[in-house]
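Coordinates as given in query.txt (compact mmCIF, N, CA and C atoms):
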# COMPACT_ATOMS: atom_id res chain seq x y z
N MET A 148 -35.74 -11.34 35.72
CA MET A 148 -34.59 -12.08 35.24
C MET A 148 -34.53 -12.07 33.71
N LYS A 149 -35.72 -12.30 33.08
CA LYS A 149 -35.76 -12.27 31.62
C LYS A 149 -35.35 -10.91 31.09
N THR A 150 -35.77 -9.89 31.77
CA THR A 150 -35.45 -8.53 31.34
C THR A 150 -33.94 -8.30 31.37
N LYS A 151 -33.27 -8.79 32.39
CA LYS A 151 -31.82 -8.63 32.48
C LYS A 151 -31.11 -9.40 31.37
N ILE A 152 -31.57 -10.59 31.07
CA ILE A 152 -30.96 -11.39 30.01
C ILE A 152 -31.16 -10.72 28.65
N ILE A 153 -32.39 -10.29 28.41
CA ILE A 153 -32.68 -9.61 27.15
C ILE A 153 -31.88 -8.32 27.05
N SER A 154 -31.80 -7.59 28.13
CA SER A 154 -31.02 -6.35 28.15
C SER A 154 -29.55 -6.63 27.89
N CYS A 155 -29.03 -7.68 28.48
CA CYS A 155 -27.63 -8.05 28.29
C CYS A 155 -27.37 -8.45 26.83
N LEU A 156 -28.25 -9.26 26.27
CA LEU A 156 -28.11 -9.67 24.87
C LEU A 156 -28.19 -8.46 23.94
N PHE A 157 -29.13 -7.57 24.20
CA PHE A 157 -29.27 -6.37 23.39
C PHE A 157 -28.00 -5.52 23.46
N SER A 158 -27.46 -5.38 24.66
CA SER A 158 -26.22 -4.59 24.84
C SER A 158 -25.07 -5.22 24.07
N CYS A 159 -24.95 -6.53 24.13
CA CYS A 159 -23.89 -7.22 23.40
C CYS A 159 -24.02 -7.01 21.90
N LEU A 160 -25.24 -7.14 21.40
CA LEU A 160 -25.47 -6.92 19.97
C LEU A 160 -25.18 -5.49 19.57
N LEU A 161 -25.57 -4.56 20.40
CA LEU A 161 -25.33 -3.15 20.12
C LEU A 161 -23.83 -2.85 20.10
N LEU A 162 -23.12 -3.35 21.07
CA LEU A 162 -21.67 -3.14 21.12
C LEU A 162 -20.98 -3.77 19.91
N ASN A 163 -21.42 -4.94 19.53
CA ASN A 163 -20.84 -5.61 18.38
C ASN A 163 -21.09 -4.81 17.10
N ALA A 164 -22.29 -4.26 16.97
CA ALA A 164 -22.63 -3.47 15.79
C ALA A 164 -21.84 -2.18 15.73
N CYS A 165 -21.49 -1.63 16.87
CA CYS A 165 -20.76 -0.36 16.92
C CYS A 165 -19.25 -0.53 16.88
N SER A 166 -18.78 -1.75 16.97
CA SER A 166 -17.33 -1.96 16.98
C SER A 166 -16.73 -1.55 15.65
N SER A 167 -15.48 -1.21 15.68
CA SER A 167 -14.83 -0.74 14.46
C SER A 167 -14.73 -1.86 13.45
N ASN A 168 -14.80 -1.48 12.20
CA ASN A 168 -14.71 -2.42 11.10
C ASN A 168 -13.25 -2.81 10.92
N LEU A 169 -12.95 -4.09 11.00
CA LEU A 169 -11.57 -4.53 10.86
C LEU A 169 -11.09 -4.51 9.42
N SER A 170 -12.00 -4.56 8.47
CA SER A 170 -11.59 -4.46 7.08
C SER A 170 -11.28 -3.01 6.76
N ARG A 171 -10.45 -2.80 5.76
CA ARG A 171 -10.06 -1.45 5.41
C ARG A 171 -11.21 -0.70 4.76
N THR A 172 -11.33 0.55 5.09
CA THR A 172 -12.36 1.37 4.48
C THR A 172 -11.80 2.03 3.23
N GLU A 173 -12.67 2.59 2.44
CA GLU A 173 -12.23 3.27 1.23
C GLU A 173 -11.26 4.40 1.58
N ARG A 174 -11.59 5.16 2.60
CA ARG A 174 -10.71 6.26 3.02
C ARG A 174 -9.36 5.71 3.50
N GLY A 175 -9.41 4.60 4.22
CA GLY A 175 -8.18 3.97 4.68
C GLY A 175 -7.34 3.46 3.53
N ASP A 176 -7.99 2.92 2.50
CA ASP A 176 -7.27 2.44 1.32
C ASP A 176 -6.52 3.58 0.65
N VAL A 177 -7.19 4.70 0.50
CA VAL A 177 -6.57 5.86 -0.15
C VAL A 177 -5.39 6.34 0.67
N LEU A 178 -5.55 6.40 1.97
CA LEU A 178 -4.45 6.83 2.85
C LEU A 178 -3.30 5.84 2.80
N ASP A 179 -3.60 4.55 2.85
CA ASP A 179 -2.56 3.53 2.75
C ASP A 179 -1.80 3.65 1.44
N ASP A 180 -2.51 3.85 0.34
CA ASP A 180 -1.86 3.99 -0.96
C ASP A 180 -0.96 5.22 -1.01
N LYS A 181 -1.43 6.30 -0.41
CA LYS A 181 -0.63 7.53 -0.40
C LYS A 181 0.66 7.33 0.40
N VAL A 182 0.54 6.71 1.55
CA VAL A 182 1.72 6.45 2.38
C VAL A 182 2.68 5.50 1.67
N THR A 183 2.14 4.46 1.04
CA THR A 183 2.98 3.52 0.29
C THR A 183 3.72 4.23 -0.82
N THR A 184 3.01 5.09 -1.56
CA THR A 184 3.64 5.85 -2.64
C THR A 184 4.80 6.69 -2.12
N GLN A 185 4.57 7.39 -1.02
CA GLN A 185 5.61 8.26 -0.45
C GLN A 185 6.82 7.45 0.02
N ARG A 186 6.56 6.32 0.67
CA ARG A 186 7.66 5.50 1.18
C ARG A 186 8.50 4.91 0.04
N VAL A 187 7.81 4.38 -0.97
CA VAL A 187 8.53 3.79 -2.09
C VAL A 187 9.32 4.87 -2.82
N GLN A 188 8.71 6.02 -3.07
CA GLN A 188 9.41 7.10 -3.77
C GLN A 188 10.63 7.57 -2.98
N ALA A 189 10.50 7.65 -1.66
CA ALA A 189 11.63 8.05 -0.82
C ALA A 189 12.77 7.03 -0.91
N GLU A 190 12.43 5.74 -0.88
CA GLU A 190 13.46 4.70 -0.98
C GLU A 190 14.14 4.72 -2.34
N LEU A 191 13.37 4.96 -3.38
CA LEU A 191 13.97 5.06 -4.72
C LEU A 191 14.92 6.25 -4.79
N SER A 192 14.55 7.36 -4.18
CA SER A 192 15.42 8.54 -4.17
C SER A 192 16.72 8.25 -3.41
N ARG A 193 16.61 7.53 -2.29
CA ARG A 193 17.79 7.19 -1.50
C ARG A 193 18.69 6.18 -2.22
N ALA A 194 18.13 5.42 -3.14
CA ALA A 194 18.88 4.37 -3.82
C ALA A 194 19.90 4.92 -4.82
N GLY A 195 19.75 6.16 -5.20
CA GLY A 195 20.77 6.76 -6.04
C GLY A 195 20.25 7.34 -7.35
N LYS A 196 21.18 7.89 -8.11
CA LYS A 196 20.82 8.60 -9.34
C LYS A 196 20.26 7.70 -10.43
N ASP A 197 20.52 6.40 -10.35
CA ASP A 197 19.98 5.47 -11.35
C ASP A 197 18.46 5.43 -11.33
N PHE A 198 17.86 5.89 -10.23
CA PHE A 198 16.41 5.80 -10.07
C PHE A 198 15.72 7.16 -10.15
N LYS A 199 16.44 8.19 -10.60
CA LYS A 199 15.86 9.54 -10.62
C LYS A 199 14.71 9.68 -11.62
N GLU A 200 14.65 8.82 -12.62
CA GLU A 200 13.57 8.86 -13.60
C GLU A 200 12.48 7.82 -13.33
N VAL A 201 12.55 7.18 -12.16
CA VAL A 201 11.56 6.17 -11.78
C VAL A 201 10.53 6.80 -10.87
N HIS A 202 9.26 6.57 -11.20
CA HIS A 202 8.17 7.13 -10.41
C HIS A 202 7.29 5.99 -9.91
N ALA A 203 6.83 6.12 -8.68
CA ALA A 203 5.97 5.11 -8.07
C ALA A 203 4.62 5.73 -7.74
N ASN A 204 3.58 4.94 -7.95
CA ASN A 204 2.23 5.37 -7.59
C ASN A 204 1.45 4.14 -7.16
N ALA A 205 0.94 4.16 -5.93
CA ALA A 205 0.18 3.03 -5.40
C ALA A 205 -1.32 3.29 -5.55
N THR A 206 -2.03 2.28 -6.03
CA THR A 206 -3.48 2.34 -6.15
C THR A 206 -4.04 0.97 -5.81
N ASN A 207 -4.93 0.94 -4.83
CA ASN A 207 -5.55 -0.32 -4.39
C ASN A 207 -4.52 -1.38 -4.03
N GLY A 208 -3.43 -0.96 -3.42
CA GLY A 208 -2.41 -1.90 -2.97
C GLY A 208 -1.44 -2.34 -4.04
N VAL A 209 -1.58 -1.83 -5.26
CA VAL A 209 -0.67 -2.16 -6.36
C VAL A 209 0.23 -0.96 -6.61
N VAL A 210 1.55 -1.20 -6.63
CA VAL A 210 2.50 -0.12 -6.88
C VAL A 210 2.87 -0.15 -8.36
N LEU A 211 2.58 0.94 -9.04
CA LEU A 211 2.91 1.08 -10.45
C LEU A 211 4.24 1.82 -10.56
N LEU A 212 5.20 1.18 -11.19
CA LEU A 212 6.48 1.83 -11.47
C LEU A 212 6.46 2.31 -12.91
N SER A 213 6.75 3.59 -13.10
CA SER A 213 6.79 4.15 -14.45
C SER A 213 8.04 5.00 -14.59
N GLY A 214 8.33 5.37 -15.82
CA GLY A 214 9.51 6.16 -16.10
C GLY A 214 10.50 5.35 -16.90
N SER A 215 11.78 5.69 -16.76
CA SER A 215 12.79 4.99 -17.55
C SER A 215 14.02 4.66 -16.70
N VAL A 216 14.66 3.57 -17.08
CA VAL A 216 15.90 3.13 -16.45
C VAL A 216 16.89 2.76 -17.54
N SER A 217 18.15 2.67 -17.18
CA SER A 217 19.19 2.42 -18.18
C SER A 217 19.54 0.96 -18.37
N SER A 218 19.03 0.08 -17.49
CA SER A 218 19.36 -1.34 -17.65
C SER A 218 18.31 -2.23 -16.99
N ALA A 219 18.33 -3.49 -17.38
CA ALA A 219 17.42 -4.47 -16.78
C ALA A 219 17.75 -4.68 -15.31
N GLU A 220 19.02 -4.55 -14.95
CA GLU A 220 19.42 -4.71 -13.55
C GLU A 220 18.81 -3.63 -12.67
N ILE A 221 18.80 -2.40 -13.16
CA ILE A 221 18.22 -1.30 -12.41
C ILE A 221 16.70 -1.48 -12.31
N ARG A 222 16.09 -1.96 -13.37
CA ARG A 222 14.65 -2.26 -13.35
C ARG A 222 14.34 -3.29 -12.28
N SER A 223 15.14 -4.34 -12.24
CA SER A 223 14.95 -5.40 -11.24
C SER A 223 15.17 -4.86 -9.83
N ARG A 224 16.15 -4.02 -9.67
CA ARG A 224 16.44 -3.43 -8.36
C ARG A 224 15.28 -2.54 -7.90
N ALA A 225 14.66 -1.81 -8.83
CA ALA A 225 13.51 -0.97 -8.47
C ALA A 225 12.38 -1.84 -7.94
N GLU A 226 12.14 -2.97 -8.57
CA GLU A 226 11.10 -3.90 -8.10
C GLU A 226 11.45 -4.43 -6.71
N GLN A 227 12.73 -4.71 -6.48
CA GLN A 227 13.17 -5.19 -5.17
C GLN A 227 12.97 -4.12 -4.09
N ILE A 228 13.21 -2.88 -4.44
CA ILE A 228 13.01 -1.78 -3.49
C ILE A 228 11.55 -1.70 -3.08
N VAL A 229 10.65 -1.84 -4.05
CA VAL A 229 9.22 -1.82 -3.73
C VAL A 229 8.88 -2.99 -2.81
N ALA A 230 9.36 -4.18 -3.15
CA ALA A 230 9.07 -5.37 -2.35
C ALA A 230 9.60 -5.22 -0.92
N LYS A 231 10.77 -4.63 -0.78
CA LYS A 231 11.37 -4.44 0.54
C LYS A 231 10.63 -3.36 1.33
N THR A 232 10.23 -2.32 0.65
CA THR A 232 9.58 -1.19 1.31
C THR A 232 8.17 -1.53 1.78
N HIS A 233 7.44 -2.26 0.94
CA HIS A 233 6.06 -2.59 1.29
C HIS A 233 5.76 -4.00 0.82
N ARG A 234 5.95 -4.95 1.71
CA ARG A 234 5.83 -6.37 1.37
C ARG A 234 4.44 -6.78 0.91
N ASP A 235 3.40 -6.05 1.32
CA ASP A 235 2.04 -6.41 0.97
C ASP A 235 1.64 -5.94 -0.43
N SER A 236 2.48 -5.16 -1.05
CA SER A 236 2.11 -4.59 -2.34
C SER A 236 2.52 -5.49 -3.50
N ARG A 237 1.68 -5.44 -4.51
CA ARG A 237 2.00 -6.09 -5.78
C ARG A 237 2.63 -5.01 -6.65
N VAL A 238 3.56 -5.39 -7.52
CA VAL A 238 4.26 -4.41 -8.34
C VAL A 238 3.85 -4.59 -9.80
N GLU A 239 3.49 -3.48 -10.42
CA GLU A 239 3.25 -3.47 -11.85
C GLU A 239 4.34 -2.63 -12.48
N ASP A 240 5.15 -3.26 -13.30
CA ASP A 240 6.34 -2.62 -13.86
C ASP A 240 6.06 -2.10 -15.26
N LYS A 241 6.03 -0.79 -15.39
CA LYS A 241 5.85 -0.13 -16.70
C LYS A 241 7.09 0.69 -17.04
N LEU A 242 8.23 0.28 -16.49
CA LEU A 242 9.48 1.00 -16.74
C LEU A 242 9.97 0.72 -18.15
N GLU A 243 10.50 1.76 -18.77
CA GLU A 243 11.08 1.64 -20.12
C GLU A 243 12.59 1.59 -19.99
N LEU A 244 13.21 0.77 -20.83
CA LEU A 244 14.68 0.69 -20.87
C LEU A 244 15.19 1.72 -21.87
N ASN A 245 16.02 2.63 -21.40
CA ASN A 245 16.66 3.64 -22.23
C ASN A 245 18.15 3.63 -21.96
N PRO A 246 18.88 2.77 -22.64
CA PRO A 246 20.34 2.68 -22.37
C PRO A 246 21.09 3.94 -22.74

In structure tokens, what does this structure look like?
Amino acid sequence: MKTKIISCLFSCLLLNACSSNLSRTERGDVLDDKVTTQRVQAELSRAGKDFKEVHANATNGVVLLSGSVSSAEIRSRAEQIVAKTHRDSRVEDKLELNP
């Protein structure tokens, strides 16, 4: 009986140790950032010619917007596009205003 209990406990511990890690792995982070970058860039392209000089790059869950825009309204809209496209991302705005 003791052997069965010990065997059962050992099996449970072994299964728990082998279960997948629920936290993101480094490889998963890189893949997530790449997908986020592609999605945000695609949405910016669909948004129109005002965003043709805007570039997005995600790193560690932070989306960096760079490039230039012609107005503060377009800058704000670019930030909204990022927020809508990937709600979990933080936005770092390095856009330059070039009227």

Requested in this report: In Å, rounded to a single decimal, give me how far atom N of A:Ile221 is from atom CA of A:Arg186.
Outcome: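 Computed distance, atom CA of A:Arg186 to atom N of A:Ile221, equals 19.8 Å.
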
Requested in this report: Determine the nearest neighbour of A:Lys181 from the options A:Lys196, A:Ala205, A:Val238, A:Pro246, counting only N, CA and C atoms.
Outcome: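 Looking only at the distances to A:Lys181, the closest residue turns out to be A:Ala205.
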
Requested in this report: For A:His202, please output as a ChimeraX atom specification all residues within 6 Å (counting all atoms listed in the file; exclusion window: fewer than 4 positions along the same chain).
Outcome: /A:211-214

Query - Selected residue, from A:Ile152, A:Leu191, A:Val177, A:Val210, that lies nearest to A:Lys241 when counting all atoms listed in the file - result: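 Among A:Ile152, A:Leu191, A:Val177, A:Val210, it is A:Val210 that comes nearest to A:Lys241.
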
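Atom CA of A:Leu244 is positioned 24.9 Å from atom CA of A:Gly208.
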